[in-house]
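Here is the structure we will look at, set down as structure tokens.
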2 protein chains.
Amino acid sequence: MMSVLTLITALICCSFTGETANVSSPNIIIMLMDDMGWGDLGVLGQPSKETPHLDAMAAQGMLLPNFYTANPLCSPSRASLLTGRLPVRNGFYTTNAHARNAYTPQEIVGGISKDEILLPRLLKKKGYVSKIVGKWHLGHRPQHLPLETGFDEWFGAPNCHFGPYNSSFRPNVPVYNNSEMLGRFYEEFEINIKTGESNLTQIYLQESLDFILRQAEAGQPFFLYWTPDSTHAPVYASRPFLGKSQRGRYGDAVMELDYSVGQILSQLRTLGIDNNTFVFFTSDNGAALISAPHQGGSNGPFLCGKQTTFEGGMREPAIAWWPGTIEEGTVNFQLANVMDLFTTSLALAGISPPDDRTLDGLDLTPVLLSRPHTLQDRPIFYYRGNELMAVRLGQHKAHYWTWSNSLQEFKEGIDFCPGQNVPEVTTHDQREHSPYPILFHLGRDPGEKFPIRVFNPEYNEVLNRISPVVEQHQKSLVPGIPQLNMCDLSVMNWAPAGCEKLGKCLKGPKSEPWKCDWPH
Amino acid sequence: MMSVLTLITALICCSFTGETANVSSPNIIIMLMDDMGWGDLGVLGQPSKETPHLDAMAAQGMLLPNFYTANPLCSPSRASLLTGRLPVRNGFYTTNAHARNAYTPQEIVGGISKDEILLPRLLKKKGYVSKIVGKWHLGHRPQHLPLETGFDEWFGAPNCHFGPYNSSFRPNVPVYNNSEMLGRFYEEFEINIKTGESNLTQIYLQESLDFILRQAEAGQPFFLYWTPDSTHAPVYASRPFLGKSQRGRYGDAVMELDYSVGQILSQLRTLGIDNNTFVFFTSDNGAALISAPHQGGSNGPFLCGKQTTFEGGMREPAIAWWPGTIEEGTVNFQLANVMDLFTTSLALAGISPPDDRTLDGLDLTPVLLSRPHTLQDRPIFYYRGNELMAVRLGQHKAHYWTWSNSLQEFKEGIDFCPGQNVPEVTTHDQREHSPYPILFHLGRDPGEKFPIRVFNPEYNEVLNRISPVVEQHQKSLVPGIPQLNMCDLSVMNWAPAGCEKLGKCLKGPKSEPWKCDWPH
């Protein structure tokens, strides 16, 4: 029988250990939305003001109006978040053509390189249990899936929920539970394209709440990477939310995600772990204006959308929340991006970042946690594929290349800048401006509509500050091996792990790889 | 010696009278900004988030995201606010050409008609003392000035602060204290065009605070119409605010106005009359994108700006504040406009509106004061001069005419829609669409970029609801006599009342009236 002294010691020990873990290893939740735009949140000016939970989250935490993605497309953006590195370094780009956005459709051969170190793998060092709930998008072949890259659990899909497909030319995308498929979109996991009804967001929410509960009960620090995709076309919502928004179906999806955010934060409070959980809300790229207005969101006052390196393509809604630690009701103007979430998460967990590679992410803890906040001077790089299109430094942005999409695509009705047309800026050819970059002051002109004239003294003053930063960046850049060059119909999700048990294996075609065509 | 009983009776009497007055006649403050856009407030999505006092005002009161002006230009908008009637009824329009915006420059012969009944005149019935502090803009000839139309006090100017002028071809605009001039802009009232420095906003603030204090001490209900103009080009701010904004000089002006709002609300609290004062903040028209980015603001996600009947020209920031009476932290989606402020103010004061004329304003008290709020179905009419350009009903807007400005003006660099171009919508000719109005759903598409196609069933369904409303409106409309047709250099502010005392009288030219040219 244990002596009273031993019992007391044990209690002190455990309580102490617990507290240390709490302080040095807070739980981390990254909420990454899909194609949600900066202007979709009430607190960021959506006229419908239909995001009460996100607005409350901002009021209880910190809003970062100058937060960026690393690329105006989903896969590279997500790869950057989890590696802390630009796509051009981590390989999530293509060299098949100049300045093209590439991602991971079902026919992609590549995925996240095994040489990359992902956040959950590093978090393991401090005992974190990591789960991704939702869309993965870093490759769907077995070696690229979440559990191969450091996640302990996964509930969700490897690719976008495009479809339905008839399973002969193209299989429906599988939904996994950990390392085995549970079913497929449009089959076991219904999305009604006509009505927009689907319970997926509710399922993703429940998976997240269950995970949080389990980890809280186990007293183990966790990393939850919550990546619902209902705001990506085809947008969907569950029945209680359908038809509720002033904004149509897209707004219904936003309302359900907003509700889910509220549920997750509420769960943290109920479990008493809100003071020990760092939550960050953002999106993978700008709103897909090509799908607007029924299936796409809003980039507020910003120019163009997803696929472009204008502000509408790359500036993201961003809220940091950590009651008692992050000062409530603050707005912080730090230039920051999704790669910072990698570095910052490591800093919060007390883990040194890898020192054998270049990281693009900044440790934001001085910005998030210190009072007064320390602003750090740093550039934002806007890449499209293998090309540095633009750079932001302070309030100024310099465009070295401009392109919306080709005139041919545009004439076919593919428009990334509907209703917007800034001469020499929203160009339909890839236009190089390196000798005289197009300069904007984003404070005065967040919509990139009024280029600073070359003969204005401000022009040279600014360029003299930006040029060395760009030169240094480009000189020292060692591009990674591009992972998104090759396509092959045989690699599609014909027979995901677990398909035999379910009788859901399909037979694909023979391997006939080709260089993927990335039109924009 | 007064008996104790008499004393008690007197106290009860007075206290009772006081309370009745308080309940039925709250003080009314209308804060009308000049060319401030919907997107200039942090709470409405300005990325710089530099309006903490306005954001707090919204958090303590009610935000109305669907609030409109009556005309996309200053003078007609202001005339409508004070008369509760559309410009086409109250005469603040022109028939010199079709669908033109007209206002009151110094050469205008007309002004507010003596047949119109202005809000302060009616408020007198309940003992209100009314003061306007700032820009008037309903005519500058003696018979049109504020003290002739019901205001008890005035500190400010009759026209815009354009200039400086050399006083030979055009006099500088006078600043009045009540019925006599105190000096002129650029002379006694400095505006440094080069640096943007001016103390005018501070002077207007002090005048307002003094008035509020005097009325509170006198225990008399008051109407303060606060109309500072520092966000109208040439924009200005006082030295402590210059260079403070991320947005340049325009932002400096916004910050100073935001500070002033904070000071006024704080004064109400200090005096203990905040629970008895209805405050409404809005703007006269959309941001003047023609002056952006240095001297013009932001219309957020909306199309075009001042001078146009797109949302950017006519949707206004709007906050209602009345602690203890208006529920705090609410957002109300009622379609409302500046003319409602006339009718609502009368309702708050317990005064019947005039019954001998058509009023366009709605009594918003059921919307503002009741819980839950009652939304009223009503149309919003978008006029440009004498033409009904568009109508909003519910979430839908129908454009019967479209026009930004003439191709000739546009080619000269006058652009009301910089960087925006919606085919068939932002037209450079006056284009009639009456047979097939261009329809938008403003919930899904607040930026008016995706017209609903004519063969979409939604099109006919909506038009069947809007058409009878338009027909009824147009059938019953009796236009007022247009007051803004004639111009004459002799009527300019050469010799305003009080000029002799100051030695500031100028000699103007002989009367040579002409039909004013309103180019857009």
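Every chain in the structure tokens has a letter given in the order shown (A, B, ...), and although residue numbers restart at 1 in each chain, ligands are simply numbered from 1 in the order shown.
Using only C-alpha atoms, the contacts of stretch 357-365 of chain B at a cut-off of 7 Å, with sequence neighbours closer than 6 positions omitted, comprise Gly84, Arg85, Leu86, Met339, Asp340, Phe342, Thr343, Thr344 and Ala347 of chain B.
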* **Residue contacts of stretch 146-160 of chain A (6 Å, only C-alpha atoms) excluding same-chain residues fewer than 3 positions away, as number ranges by chain** => A: 120-121, 130-137, 140, 174-178
Residues of the last selection are to be written out with N, CA, C and O atoms, as a PDB file, in the first residue's frame.
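Saved to selection.pdb:
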```
ATOM      1  N   PRO A 120       3.651  18.072 -37.697  1.00  0.00           N
ATOM      2  CA  PRO A 120       3.286  17.057 -36.703  1.00  0.00           C
ATOM      3  C   PRO A 120       4.456  16.134 -36.348  1.00  0.00           C
ATOM      4  O   PRO A 120       4.543  15.671 -35.199  1.00  0.00           O
ATOM      5  N   ARG A 121       5.328  15.882 -37.323  1.00  0.00           N
ATOM      6  CA  ARG A 121       6.486  15.030 -37.036  1.00  0.00           C
ATOM      7  C   ARG A 121       7.363  15.672 -35.955  1.00  0.00           C
ATOM      8  O   ARG A 121       7.833  14.997 -35.042  1.00  0.00           O
ATOM      9  N   SER A 130      -1.208  14.314 -33.038  1.00  0.00           N
ATOM     10  CA  SER A 130      -1.663  15.192 -34.131  1.00  0.00           C
ATOM     11  C   SER A 130      -2.752  14.530 -34.960  1.00  0.00           C
ATOM     12  O   SER A 130      -2.655  13.355 -35.306  1.00  0.00           O
ATOM     13  N   LYS A 131      -3.739  15.341 -35.271  1.00  0.00           N
ATOM     14  CA  LYS A 131      -4.822  14.837 -36.131  1.00  0.00           C
ATOM     15  C   LYS A 131      -5.172  15.866 -37.187  1.00  0.00           C
ATOM     16  O   LYS A 131      -5.223  17.057 -36.900  1.00  0.00           O
ATOM     17  N   ILE A 132      -5.375  15.407 -38.400  1.00  0.00           N
ATOM     18  CA  ILE A 132      -5.958  16.257 -39.433  1.00  0.00           C
ATOM     19  C   ILE A 132      -7.383  15.802 -39.685  1.00  0.00           C
ATOM     20  O   ILE A 132      -7.653  14.610 -39.860  1.00  0.00           O
ATOM     21  N   VAL A 133      -8.278  16.785 -39.662  1.00  0.00           N
ATOM     22  CA  VAL A 133      -9.677  16.504 -39.972  1.00  0.00           C
ATOM     23  C   VAL A 133     -10.056  17.333 -41.183  1.00  0.00           C
ATOM     24  O   VAL A 133     -10.139  18.560 -41.095  1.00  0.00           O
ATOM     25  N   GLY A 134     -10.246  16.673 -42.319  1.00  0.00           N
ATOM     26  CA  GLY A 134     -10.669  17.376 -43.519  1.00  0.00           C
ATOM     27  C   GLY A 134      -9.768  17.090 -44.693  1.00  0.00           C
ATOM     28  O   GLY A 134      -9.215  15.998 -44.825  1.00  0.00           O
ATOM     29  N   LYS A 135      -9.633  18.097 -45.523  1.00  0.00           N
ATOM     30  CA  LYS A 135      -8.895  17.935 -46.776  1.00  0.00           C
ATOM     31  C   LYS A 135      -7.388  17.964 -46.551  1.00  0.00           C
ATOM     32  O   LYS A 135      -6.870  18.811 -45.850  1.00  0.00           O
ATOM     33  N   TRP A 136      -6.673  17.039 -47.175  1.00  0.00           N
ATOM     34  CA  TRP A 136      -5.233  16.920 -47.053  1.00  0.00           C
ATOM     35  C   TRP A 136      -4.543  17.692 -48.163  1.00  0.00           C
ATOM     36  O   TRP A 136      -3.904  18.695 -47.951  1.00  0.00           O
ATOM     37  N   HIS A 137      -4.614  17.163 -49.378  1.00  0.00           N
ATOM     38  CA  HIS A 137      -4.161  17.873 -50.569  1.00  0.00           C
ATOM     39  C   HIS A 137      -2.648  17.991 -50.747  1.00  0.00           C
ATOM     40  O   HIS A 137      -2.169  18.866 -51.452  1.00  0.00           O
ATOM     41  N   HIS A 140      -2.093  12.042 -52.928  1.00  0.00           N
ATOM     42  CA  HIS A 140      -3.041  11.022 -52.477  1.00  0.00           C
ATOM     43  C   HIS A 140      -2.491   9.612 -52.642  1.00  0.00           C
ATOM     44  O   HIS A 140      -3.178   8.638 -52.344  1.00  0.00           O
ATOM     45  N   PRO A 174     -11.869   9.248 -52.228  1.00  0.00           N
ATOM     46  CA  PRO A 174     -12.171   8.510 -51.002  1.00  0.00           C
ATOM     47  C   PRO A 174     -12.131   9.397 -49.756  1.00  0.00           C
ATOM     48  O   PRO A 174     -11.451  10.412 -49.730  1.00  0.00           O
ATOM     49  N   VAL A 175     -12.852   8.958 -48.750  1.00  0.00           N
ATOM     50  CA  VAL A 175     -12.765   9.560 -47.419  1.00  0.00           C
ATOM     51  C   VAL A 175     -12.082   8.534 -46.518  1.00  0.00           C
ATOM     52  O   VAL A 175     -12.499   7.370 -46.471  1.00  0.00           O
ATOM     53  N   TYR A 176     -11.026   8.960 -45.868  1.00  0.00           N
ATOM     54  CA  TYR A 176     -10.249   8.061 -45.023  1.00  0.00           C
ATOM     55  C   TYR A 176     -10.598   8.231 -43.557  1.00  0.00           C
ATOM     56  O   TYR A 176     -10.914   9.320 -43.095  1.00  0.00           O
ATOM     57  N   ASN A 177     -10.470   7.117 -42.845  1.00  0.00           N
ATOM     58  CA  ASN A 177     -10.351   7.200 -41.392  1.00  0.00           C
ATOM     59  C   ASN A 177      -8.976   6.611 -41.086  1.00  0.00           C
ATOM     60  O   ASN A 177      -8.745   5.411 -41.257  1.00  0.00           O
ATOM     61  N   ASN A 178      -8.063   7.472 -40.695  1.00  0.00           N
ATOM     62  CA  ASN A 178      -6.656   7.076 -40.530  1.00  0.00           C
ATOM     63  C   ASN A 178      -6.106   6.520 -41.829  1.00  0.00           C
ATOM     64  O   ASN A 178      -6.176   7.200 -42.847  1.00  0.00           O
TER      65      ASN A 178
END
```
Please produce, as a tab-separated table, a per-residue contact table for chain B versus chain A (criterion: any atom at most 6 Å away, only C-alpha atoms considered), showing the nearest atom pair and its distance in Å to one decimal, sorted by chain then residue number.
```
residue	atom	partner	partner_atom	distance
B:Leu44	CA	A:Gly45	CA	4.2
B:Gly45	CA	A:Gly45	CA	3.6
B:Pro47	CA	A:Pro65	CA	5.9
B:Pro65	CA	A:Pro47	CA	5.9
B:Gln246	CA	A:Gly443	CA	5.1
B:Arg247	CA	A:Arg444	CA	4.0
B:Gly248	CA	A:Arg444	CA	5.8
B:Pro293	CA	A:Arg444	CA	5.6
B:Gly300	CA	A:Pro301	CA	4.8
B:Pro301	CA	A:Gly300	CA	4.9
B:Gly419	CA	A:Val422	CA	4.5
B:Gln420	CA	A:Gln420	CA	4.3
B:Asn421	CA	A:Gly419	CA	5.0
B:Val422	CA	A:Gly419	CA	4.5
B:Gly443	CA	A:Arg247	CA	4.5
B:Arg444	CA	A:Arg247	CA	4.0
B:Asp445	CA	A:Pro293	CA	5.8
B:Lys449	CA	A:Gly419	CA	5.5
```
Produce a file of the selected residues containing N, CA, C and O atoms, as a PDB file, in the first residue's frame.
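Generated file (part-v2.pdb):
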```pdb
ATOM      1  N   LEU B  44     -16.377  47.967 -40.617  1.00  0.00           N
ATOM      2  CA  LEU B  44     -16.906  47.616 -41.932  1.00  0.00           C
ATOM      3  C   LEU B  44     -15.809  47.157 -42.877  1.00  0.00           C
ATOM      4  O   LEU B  44     -15.983  47.138 -44.091  1.00  0.00           O
ATOM      5  N   GLY B  45     -14.656  46.783 -42.311  1.00  0.00           N
ATOM      6  CA  GLY B  45     -13.668  46.086 -43.120  1.00  0.00           C
ATOM      7  C   GLY B  45     -12.496  46.887 -43.643  1.00  0.00           C
ATOM      8  O   GLY B  45     -11.740  46.383 -44.469  1.00  0.00           O
ATOM      9  N   PRO B  47      -9.011  47.653 -43.937  1.00  0.00           N
ATOM     10  CA  PRO B  47      -7.887  46.851 -43.457  1.00  0.00           C
ATOM     11  C   PRO B  47      -7.019  47.567 -42.422  1.00  0.00           C
ATOM     12  O   PRO B  47      -6.374  46.910 -41.610  1.00  0.00           O
ATOM     13  N   PRO B  65     -25.917  47.907 -41.941  1.00  0.00           N
ATOM     14  CA  PRO B  65     -25.115  47.752 -43.162  1.00  0.00           C
ATOM     15  C   PRO B  65     -25.864  48.090 -44.448  1.00  0.00           C
ATOM     16  O   PRO B  65     -25.240  48.222 -45.485  1.00  0.00           O
ATOM     17  N   GLN B 246      -2.072  54.734 -41.556  1.00  0.00           N
ATOM     18  CA  GLN B 246      -1.468  53.858 -42.562  1.00  0.00           C
ATOM     19  C   GLN B 246      -1.949  54.215 -43.959  1.00  0.00           C
ATOM     20  O   GLN B 246      -1.402  53.722 -44.949  1.00  0.00           O
ATOM     21  N   ARG B 247      -2.994  55.020 -44.020  1.00  0.00           N
ATOM     22  CA  ARG B 247      -3.677  55.266 -45.282  1.00  0.00           C
ATOM     23  C   ARG B 247      -3.328  56.602 -45.913  1.00  0.00           C
ATOM     24  O   ARG B 247      -3.966  57.023 -46.872  1.00  0.00           O
ATOM     25  N   GLY B 248      -2.359  57.322 -45.353  1.00  0.00           N
ATOM     26  CA  GLY B 248      -2.031  58.619 -45.903  1.00  0.00           C
ATOM     27  C   GLY B 248      -2.971  59.689 -45.373  1.00  0.00           C
ATOM     28  O   GLY B 248      -3.681  59.487 -44.383  1.00  0.00           O
ATOM     29  N   PRO B 293      -6.048  57.612 -54.417  1.00  0.00           N
ATOM     30  CA  PRO B 293      -6.051  57.141 -53.042  1.00  0.00           C
ATOM     31  C   PRO B 293      -5.623  58.188 -52.014  1.00  0.00           C
ATOM     32  O   PRO B 293      -5.818  57.975 -50.841  1.00  0.00           O
ATOM     33  N   GLY B 300     -15.262  49.829 -49.722  1.00  0.00           N
ATOM     34  CA  GLY B 300     -15.215  48.414 -49.375  1.00  0.00           C
ATOM     35  C   GLY B 300     -15.437  47.540 -50.589  1.00  0.00           C
ATOM     36  O   GLY B 300     -14.788  47.715 -51.624  1.00  0.00           O
ATOM     37  N   PRO B 301     -16.377  46.597 -50.498  1.00  0.00           N
ATOM     38  CA  PRO B 301     -16.574  45.663 -51.610  1.00  0.00           C
ATOM     39  C   PRO B 301     -17.503  46.202 -52.703  1.00  0.00           C
ATOM     40  O   PRO B 301     -17.791  45.489 -53.655  1.00  0.00           O
ATOM     41  N   GLY B 419     -10.373  51.063 -61.795  1.00  0.00           N
ATOM     42  CA  GLY B 419     -10.034  49.643 -61.665  1.00  0.00           C
ATOM     43  C   GLY B 419     -11.229  48.721 -61.742  1.00  0.00           C
ATOM     44  O   GLY B 419     -11.081  47.513 -61.614  1.00  0.00           O
ATOM     45  N   GLN B 420     -12.411  49.284 -61.940  1.00  0.00           N
ATOM     46  CA  GLN B 420     -13.614  48.464 -62.008  1.00  0.00           C
ATOM     47  C   GLN B 420     -14.262  48.631 -63.364  1.00  0.00           C
ATOM     48  O   GLN B 420     -14.296  49.729 -63.917  1.00  0.00           O
ATOM     49  N   ASN B 421     -14.761  47.548 -63.884  1.00  0.00           N
ATOM     50  CA  ASN B 421     -15.376  47.585 -65.204  1.00  0.00           C
ATOM     51  C   ASN B 421     -16.297  46.377 -65.321  1.00  0.00           C
ATOM     52  O   ASN B 421     -15.839  45.257 -65.493  1.00  0.00           O
ATOM     53  N   VAL B 422     -17.586  46.628 -65.170  1.00  0.00           N
ATOM     54  CA  VAL B 422     -18.550  45.540 -65.316  1.00  0.00           C
ATOM     55  C   VAL B 422     -19.287  45.787 -66.634  1.00  0.00           C
ATOM     56  O   VAL B 422     -20.023  46.774 -66.754  1.00  0.00           O
ATOM     57  N   GLY B 443     -27.143  40.353 -51.747  1.00  0.00           N
ATOM     58  CA  GLY B 443     -26.631  39.475 -50.682  1.00  0.00           C
ATOM     59  C   GLY B 443     -25.479  38.627 -51.205  1.00  0.00           C
ATOM     60  O   GLY B 443     -24.395  38.612 -50.636  1.00  0.00           O
ATOM     61  N   ARG B 444     -25.715  37.939 -52.312  1.00  0.00           N
ATOM     62  CA  ARG B 444     -24.668  37.120 -52.938  1.00  0.00           C
ATOM     63  C   ARG B 444     -23.595  37.965 -53.586  1.00  0.00           C
ATOM     64  O   ARG B 444     -22.453  37.553 -53.717  1.00  0.00           O
ATOM     65  N   ASP B 445     -24.006  39.120 -54.064  1.00  0.00           N
ATOM     66  CA  ASP B 445     -23.158  39.881 -54.979  1.00  0.00           C
ATOM     67  C   ASP B 445     -23.217  41.369 -54.642  1.00  0.00           C
ATOM     68  O   ASP B 445     -23.684  42.181 -55.441  1.00  0.00           O
ATOM     69  N   LYS B 449     -21.434  42.641 -59.657  1.00  0.00           N
ATOM     70  CA  LYS B 449     -20.555  42.160 -60.717  1.00  0.00           C
ATOM     71  C   LYS B 449     -21.168  41.015 -61.522  1.00  0.00           C
ATOM     72  O   LYS B 449     -20.649  40.662 -62.576  1.00  0.00           O
TER      73      LYS B 449
END
```
* To do: Show which residues sit within 7 Å of A:Cys304, as a ChimeraX atom specification. Count only C-alpha atoms, and ignore same-chain residues fewer than 2 positions away.
  => /A:302,308,310,312-313,416-417
* Quick one: distance from atom CA of A:Glu187 to atom CA of A:Cys499 in Å, one decimal? ->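 Between atom CA of A:Glu187 and atom CA of A:Cys499 the gap is 13.3 Å.
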* **Pick from B:Ile191, B:Leu341, B:Leu205, B:Leu407, whichever lies nearest to B:His161 using only C-alpha atoms** =>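 Comparing B:Ile191, B:Leu341, B:Leu205, B:Leu407 against B:His161, the winner is B:Ile191.
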* Which polymer residues have any atom within 12 Å of an atom of B:Gly61, counting only C-alpha atoms, with same-chain residues fewer than 5 positions away left out, as an MDAnalysis selection string? -> chainID B and resid 53:56 265 274:275 278:281 318:332 368:369
* Distance in Å - atom CA of B:Thr282 versus atom CA of B:Met33 ->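 Atom CA of B:Thr282 sits 6.1 Å away from atom CA of B:Met33.
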